[in-house]
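Read the structure below first, then the notes.
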Amino acid sequence: MTAAPAPEVVLEARGITKRFPGVIANENVSLKLQRGEVLALLGENGAGKTTLMNILYGMYHQDAGEVLVRGQAVRISGPSDSISRGIGMVHQHFMLVPVFTVAENIILGAETGNGPFLDLSVARRQIRELSQRYNLDVDPDAYVKNLSVGQQQRVEIIKALYRKADILILDEPTAVLTPQETEELFAIIRSLTSQGASVIFITHKLKEVLAIADRIMVLRRGRVVGETTPQVASERSLAEMMVGRSVMLEVEKQEANPGATVLAIERLVVDDDRGQQVVNGLSLEVHAGEILGVAGVQGNGQTELVEAITGLRPARSGRVLINGHDLTNASPRRVSETGSAHVPEDRQEDGLVLTYSVADNLVLNRYYVAPFARGVVRDEHAIMQHAEELVNRYDVRTPSVLTPVSALSGGNKQKVIIARELSREVRLLIAAQPTRGIDVGSIEFIHQQIIAERDRGAAVLLVSAELDEIMTLSDRIAVMYHGQIVATMPASGASREELGLLMAGARPAAPAVSEAV
Amino acid sequence: MQMTSSVARPSAARIPWLSLGVWGALAILVLIAYARAPQATTAVLTSTIRQSTPIILGAMAGIMCERSGVINIGIEGMMLIAAFLGYLANVWTGNLLLATAGALLVGGAVGAFHALMSITLKVDQIIAGTVINILAVGFTGYFYQQGLTTRGKLAPIDIAPLSSIPIIGPVFFNNPPITYASLVLIVVIHVLLFRTAWGLRTRAVGEHPAAADTVGIAVNRVRYINVIIGGMLAGLAGGFLTLEAVGSFERNMTNGRGFVSLAVMIFGKWTPFGAWGGSLLFGFANAMQSQIQFLQNQLPPWLAWVSQTPPQFIGMLPYLLTIAVLAGFVGRARPPAAIGKVYEKE
């Protein structure tokens with residue numbers, strides 16, 4: 001391909017409309033992607049970003065409108081059409097086979113070999129070349145299931161490049177990444193565009209849009225509501241375009257008023273699924289009326305720590321005390337009955353029964369006691385009333401309380417969990433990644449709820465991979481590294497740089513600020 | 001970032017010491033037995049291969065289906081219908097080759113029916129398989145007439161110099177065609193699944209169909225073809241029963257072999273060679289039980305109690321073994337991730 005003097009439009013959508021039963025996902029959406037640029041597509045969950053991209057990639061077919069690739073109108077009837085036209089997509093949920101190696105995943109569907117027989121050596125060489133050219137470090141023979149999320153994403157990018165894609169669609173690529181991994185991804189994107197590739201970057205994260213995009217397009221409820229550039233836009237203006245009203249980006253909170261110790265963990269040791277010891281003699285305390293934020297790069301034992309506290313995973317040794325009672329290895333129900341609420345990290349797997357209705361999900365922690373049960377019989381009336389009330393109070397957007405919770409958006413699913421967990425008197429709130437992958441409006445709401453719990457006197461243990469979230473919500477911050485708390489400090493005195501270093505395993509600089517174990 | 005040095009290489013590079021050890025120990029046992037009783041040993045081993053043939057074919061039928069993500073518990077029924085229609089083809093045409101081809105085609109057709117139900121019509125795959133099993137019993141029972149005669153069955157082919165090797169010769173190189181075919185197919189299916197582009201796509205479709213779809217693989221087409229290939233393998237197993245082993249048809253003659261095949265497939269972790277090991281185990285138990293019944297009066301005194309055991313109990317041996325093996329292995333085996341799930345775009 002030759003570089004054109006004027007900006008060359010490599011991909012264009014004109015008047016795309018797509019309807020699903022009951023909803024218009026895209027209405028008369030048009031966009032232009034120029035060669036070598038990063039176009040950010042910003043919008044809340046359910047705004048129609050992913051639908052639009054799936055149309056461009058050929059997973060869906062539009063009801064109206066046309067798609068042009070390098071100026072030519074094309075009909076994309078399946079992913080193989082888009083692949084052959086140089087369009088590659090990195091899906092939000094990675095499309096990788098965990099039990100295959102990196103090389104096998106990359107060549108799948110575009111196999112190299114001798115007649116019908118596979119020959120991975122050619123592929124391996126090409127993968128290494130691509131890795132070097134774009135600085136995407138992966139081992140072609142590693143199994144995907146053993147890779148970190150960031151590495152898996154690199155495999156997805158190489159997969160697209162291997163198919164000679166020069167138009168890359170990245171769907172919420174940073175939703176599962178740590179701040180460091182996000183930085184690495186941005187470096188990769190810059191190296192891609194500097195070598196002539198064009199990128200569509202789908203996200204709802206404002207900071208990222210301002211950091212990486214050349215142009216920004218905002219979608220709301222299936223329509224394009226505006227286009228801008230990072231030079232003239234601010235986080236606030238973008239948030240308003242995206243949500244359609246003014247939003248509070250900063251969380252307002254009063255000074256904490258810590259009371260007695262609610263949660264005390266003493267020298268806790270926990271193994272992960274593979275039997276590796278991932279929590280190594282960890283100790284911490286959370287007091288009534290404060291939020292303790294646990295910062296750390298994903299995979300440092302945070303998941304297992306939360307599971308051990310809530311009774312979902314056995315602790316090998318050490319103690320968990322809630323309100324002075326020893327609840328080490330107690331059942332989840334016993335932990336819950338002490339007035340502990342748990343917002344689990346994986347809302348689909350551990351937080352909800354997806355096929356159950358919103359109403360049933362709202363009583364999962366109390367279905368067996370009055371007023372929801374009379375003896376062994378459910379009290380449908382009480383359950384419905386409870387559901388209607390919570391759906392209103394927590395602003396859960398659902399067609400009805402009888403809708404299966406699987407039909408709700410991520411933000412609304414999370415609101416169902418928050419509603420269930422906080423609709424009773426709570427003395428301890430354990431929230432793991434409470435806003436991962438959800439929209440600004442819901443994040444704002446959930447943050448307010450967490451602070452309200454603190455002000456009501458609950459102890460809050462907040463575990464999050466989003467450093468911003470930890471820094472805005474916490475009263476104290478504990479940094480977790482290799483299964484231990486390496487430093488604890490008041491949030492007011494913490495800096496991003498210092499936390500980043502501690503999260504990467506650097507020793508705390510001044511012993512004065514650390515209560516290291 | 002957390003790249004560990006212990007990242008596993010493709011399995012081809014590792015030496016399977018455990019299985020080598022097991023096979024070595026078995027070989028030594030066979031040699032000892034051969035030294036003590038050469039004829040009985042050869043007879044048991046020959047019979048082991050024969051008995052394991054329909055099992056390994058059935059297991060490979062299951063492997064092809066399940067590797068592509070479709071559960072097939074209808075192997076029993078596929079075998080039975082193919083055994084019956086293959087037998088009728090033999091009765092009508094008198095041509096064993098044509099009859100074998102018929103059994104293959106019938107198996108493929110029943111496979112296509114299973115694919116239609118489980119992929120296109122989205123019937124629960126367990127139910128679809130059960131439909132085939134029940135249909136097979138009813139269909140073959142209704143149309144079966146006694147007194148039909150055939151012109152013989154597939155005869156053993158002696159592979160000249162090789163068959164005179166002691167032990168190995170008569171066991172491996174003096175078999176009828178479907179038995180040979182099953183041994184070749186073990187290698188063919190292994191290569192197909194693990195060394196070809198088709199196999200990679202098949203496994204991808206069984207593990208993560210959405211991933212396969214996004215790289216342009218037609219998920220349902222791959223599934224259809226594999227389920228039909230599976231059906232043909234089950235058909236060949238059925239053909240083995242009527243055209244090679246017995247020479248005639250009996251009601252319900254598959255006698256649970258389709259289900260044993262499934263057990264063996266799980267035991268073998270959805271690999272042809274693993275399943276072959278399981279089939280040989282089952283075949284051996286079967287060969288032993290008939291050998292014991294055959295040699296009732298010649299048993300050494302310390303085994304006298306065996307001759308007093310009712311033959312029904314000895315006949316249970318292979319099935320008890322299947323239960324024991326499954327109880328020990330099922331928990332540890334990991335089926336293909338997308339098994340039993342209809343693939344629908346979001």
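Identifiers for the structure tokens are assigned positionally: chains receive A, B, ... in sequence, residues are indexed from 1 per chain, and ligands are indexed from 1 in the order shown.
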Open item on the list: Need the shell around Arg35 in chain A: protein/DNA/RNA residues with any atom at most 10 Å away, counting only C-alpha atoms. Skip same-chain ones fewer than 5 positions apart. Format as a PyMOL selection string?
Closed with: chain A and resi 3-4+6-11+70+166-167+193+196-199
For chain A, which residues have at least one atom within 6 Å of chain B, if we go by only C-alpha atoms? Write them as a CSV table (one decimal) with N, CA and C atoms, in the first residue's frame, please.
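Below is the file out.csv, written as the result:
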chain,number,residue,atom,x,y,z
A,79,PRO,N,-17.1,-13.2,9.4
A,79,PRO,CA,-15.7,-12.8,9.8
A,79,PRO,C,-14.7,-13.1,8.7
A,80,SER,N,-14.9,-14.1,7.9
A,80,SER,CA,-13.9,-14.4,6.9
A,80,SER,C,-13.8,-13.3,5.9
A,95,MET,N,-11.2,-14.4,22.4
A,95,MET,CA,-11.6,-15.5,21.6
A,95,MET,C,-10.4,-16.4,21.4
A,96,LEU,N,-10.0,-17.0,22.6
A,96,LEU,CA,-8.8,-17.9,22.6
A,96,LEU,C,-9.2,-19.2,23.2
A,97,VAL,N,-8.7,-20.3,22.6
A,97,VAL,CA,-8.9,-21.6,23.2
A,97,VAL,C,-7.9,-21.9,24.3
A,109,GLY,N,-7.8,-21.5,11.8
A,109,GLY,CA,-8.6,-20.9,10.7
A,109,GLY,C,-7.8,-20.4,9.5
A,116,PRO,N,-3.0,-31.3,4.3
A,116,PRO,CA,-3.9,-31.2,5.5
A,116,PRO,C,-3.1,-31.2,6.8
A,117,PHE,N,-1.8,-31.4,6.7
A,117,PHE,CA,-1.0,-31.6,8.0
A,117,PHE,C,-0.5,-30.2,8.5
A,118,LEU,N,-0.6,-30.1,9.8
A,118,LEU,CA,-0.2,-28.8,10.4
A,118,LEU,C,1.4,-28.7,10.4
A,142,ALA,N,3.7,-21.4,24.5
A,142,ALA,CA,3.0,-21.4,25.8
A,142,ALA,C,1.5,-21.7,25.7
- [ ] Provide the CA of Gly226 in chain A to CA of Ser194 in chain A distance in Å, to one decimal place.
- [x]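 That distance, rounded to one decimal, is 26.4 Å.
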Task: Distance query Gly259 in chain A at most 9 Å, only C-alpha atoms, self and fewer than 2 positions along chain excluded, as number ranges by chain - done: A: 257, 261-262, 287-290, 457, 459
- [ ] Assign secondary structure with DSSP using the backbone only, and return the residues of range 243-312 of chain B in alpha helix (DSSP H) as JSON, numbers by chain.
- [x] {"B": [257, 258, 259, 260, 261, 262, 263, 264, 265, 266, 267, 272, 273, 274, 275, 276, 277, 278, 279, 280, 281, 282, 283, 284, 285, 286, 287, 288, 289, 290, 291, 292, 293, 294, 304, 305, 306, 307, 308, 311, 312]}
Task: Selection near range 18-23 of chain B, 10 Å with only C-alpha atoms, sequence-local residues under 5 positions removed, as a list in words - done: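 Answer for this query is Ile28, Leu29, Gly274 and Gly277 of chain B.
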Open item on the list: When you count only C-alpha atoms, which of these residues is closest to Glu76 in chain B: B:Thr42, B:Gln289, B:Thr254, B:Gln308?
Closed with: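 Of the candidates, the smallest distance to Glu76 in chain B is held by B:Thr254.
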Residues near Tyr60 in chain A, cut-off 10 Å, only C-alpha atoms, skip fewer than 2 positions along chain, as a PDB file with N, CA and C atoms, in the first residue's frame:
ATOM      1  N   LYS A  18     -29.351  -1.045  13.115  1.00  0.00           N
ATOM      2  CA  LYS A  18     -29.506  -2.446  13.484  1.00  0.00           C
ATOM      3  C   LYS A  18     -30.520  -2.545  14.606  1.00  0.00           C
ATOM      4  N   THR A  51     -22.218  -3.640  19.141  1.00  0.00           N
ATOM      5  CA  THR A  51     -23.051  -4.041  18.006  1.00  0.00           C
ATOM      6  C   THR A  51     -22.495  -3.466  16.709  1.00  0.00           C
ATOM      7  N   LEU A  52     -22.144  -2.187  16.749  1.00  0.00           N
ATOM      8  CA  LEU A  52     -21.603  -1.536  15.559  1.00  0.00           C
ATOM      9  C   LEU A  52     -20.343  -2.254  15.087  1.00  0.00           C
ATOM     10  N   MET A  53     -19.471  -2.583  16.038  1.00  0.00           N
ATOM     11  CA  MET A  53     -18.229  -3.237  15.666  1.00  0.00           C
ATOM     12  C   MET A  53     -18.469  -4.647  15.151  1.00  0.00           C
ATOM     13  N   ASN A  54     -19.444  -5.318  15.739  1.00  0.00           N
ATOM     14  CA  ASN A  54     -19.752  -6.662  15.252  1.00  0.00           C
ATOM     15  C   ASN A  54     -20.306  -6.614  13.833  1.00  0.00           C
ATOM     16  N   ILE A  55     -20.952  -5.523  13.472  1.00  0.00           N
ATOM     17  CA  ILE A  55     -21.413  -5.366  12.093  1.00  0.00           C
ATOM     18  C   ILE A  55     -20.207  -5.160  11.179  1.00  0.00           C
ATOM     19  N   LEU A  56     -19.286  -4.293  11.597  1.00  0.00           N
ATOM     20  CA  LEU A  56     -18.095  -4.060  10.774  1.00  0.00           C
ATOM     21  C   LEU A  56     -17.270  -5.335  10.631  1.00  0.00           C
ATOM     22  N   TYR A  57     -17.298  -6.181  11.662  1.00  0.00           N
ATOM     23  CA  TYR A  57     -16.500  -7.410  11.631  1.00  0.00           C
ATOM     24  C   TYR A  57     -17.264  -8.578  10.994  1.00  0.00           C
ATOM     25  N   GLY A  58     -18.556  -8.388  10.741  1.00  0.00           N
ATOM     26  CA  GLY A  58     -19.301  -9.431  10.041  1.00  0.00           C
ATOM     27  C   GLY A  58     -19.984 -10.440  10.938  1.00  0.00           C
ATOM     28  N   GLN A  62     -26.202  -5.605   9.170  1.00  0.00           N
ATOM     29  CA  GLN A  62     -27.005  -4.424   9.453  1.00  0.00           C
ATOM     30  C   GLN A  62     -28.351  -4.503   8.735  1.00  0.00           C
ATOM     31  N   ASP A  63     -29.358  -3.822   9.310  1.00  0.00           N
ATOM     32  CA  ASP A  63     -30.668  -3.756   8.660  1.00  0.00           C
ATOM     33  C   ASP A  63     -30.661  -2.691   7.577  1.00  0.00           C
ATOM     34  N   ILE A  76     -20.182  -7.485   4.030  1.00  0.00           N
ATOM     35  CA  ILE A  76     -19.435  -8.360   4.928  1.00  0.00           C
ATOM     36  C   ILE A  76     -20.418  -9.342   5.548  1.00  0.00           C
ATOM     37  N   SER A  77     -20.362 -10.573   5.086  1.00  0.00           N
ATOM     38  CA  SER A  77     -21.381 -11.502   5.563  1.00  0.00           C
ATOM     39  C   SER A  77     -20.839 -12.435   6.637  1.00  0.00           C
ATOM     40  N   GLY A  78     -19.568 -12.341   6.929  1.00  0.00           N
ATOM     41  CA  GLY A  78     -19.028 -13.179   7.989  1.00  0.00           C
ATOM     42  C   GLY A  78     -17.621 -12.747   8.303  1.00  0.00           C
ATOM     43  N   PRO A  79     -17.067 -13.226   9.433  1.00  0.00           N
ATOM     44  CA  PRO A  79     -15.720 -12.812   9.808  1.00  0.00           C
ATOM     45  C   PRO A  79     -14.682 -13.085   8.720  1.00  0.00           C
TER      46      PRO A  79
ATOM     47  N   LYS B 345     -24.815 -17.472  17.993  1.00  0.00           N
ATOM     48  CA  LYS B 345     -24.178 -16.163  18.108  1.00  0.00           C
ATOM     49  C   LYS B 345     -24.965 -15.363  19.132  1.00  0.00           C
ATOM     50  N   GLU B 346     -24.223 -14.551  19.902  1.00  0.00           N
ATOM     51  CA  GLU B 346     -24.850 -13.807  21.013  1.00  0.00           C
ATOM     52  C   GLU B 346     -26.093 -13.075  20.548  1.00  0.00           C
TER      53      GLU B 346
END
- [ ] Report as a VMD selection string: the residues of range 366-505 of chain A with a DSSP assignment of strand (DSSP E or B), based on the backbone of this structure.
- [x] chain A and resid 373 to 374 377 to 378 404 428 to 432 459 to 463 476 to 481 484 to 490
Open item on the list: If I take CA of Asn28 in chain A and CA of Ile16 in chain A, how far is one from the other in Å, to one decimal?
Closed with: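 Atom-to-atom, CA of Asn28 in chain A to CA of Ile16 in chain A, that is 4.8 Å.
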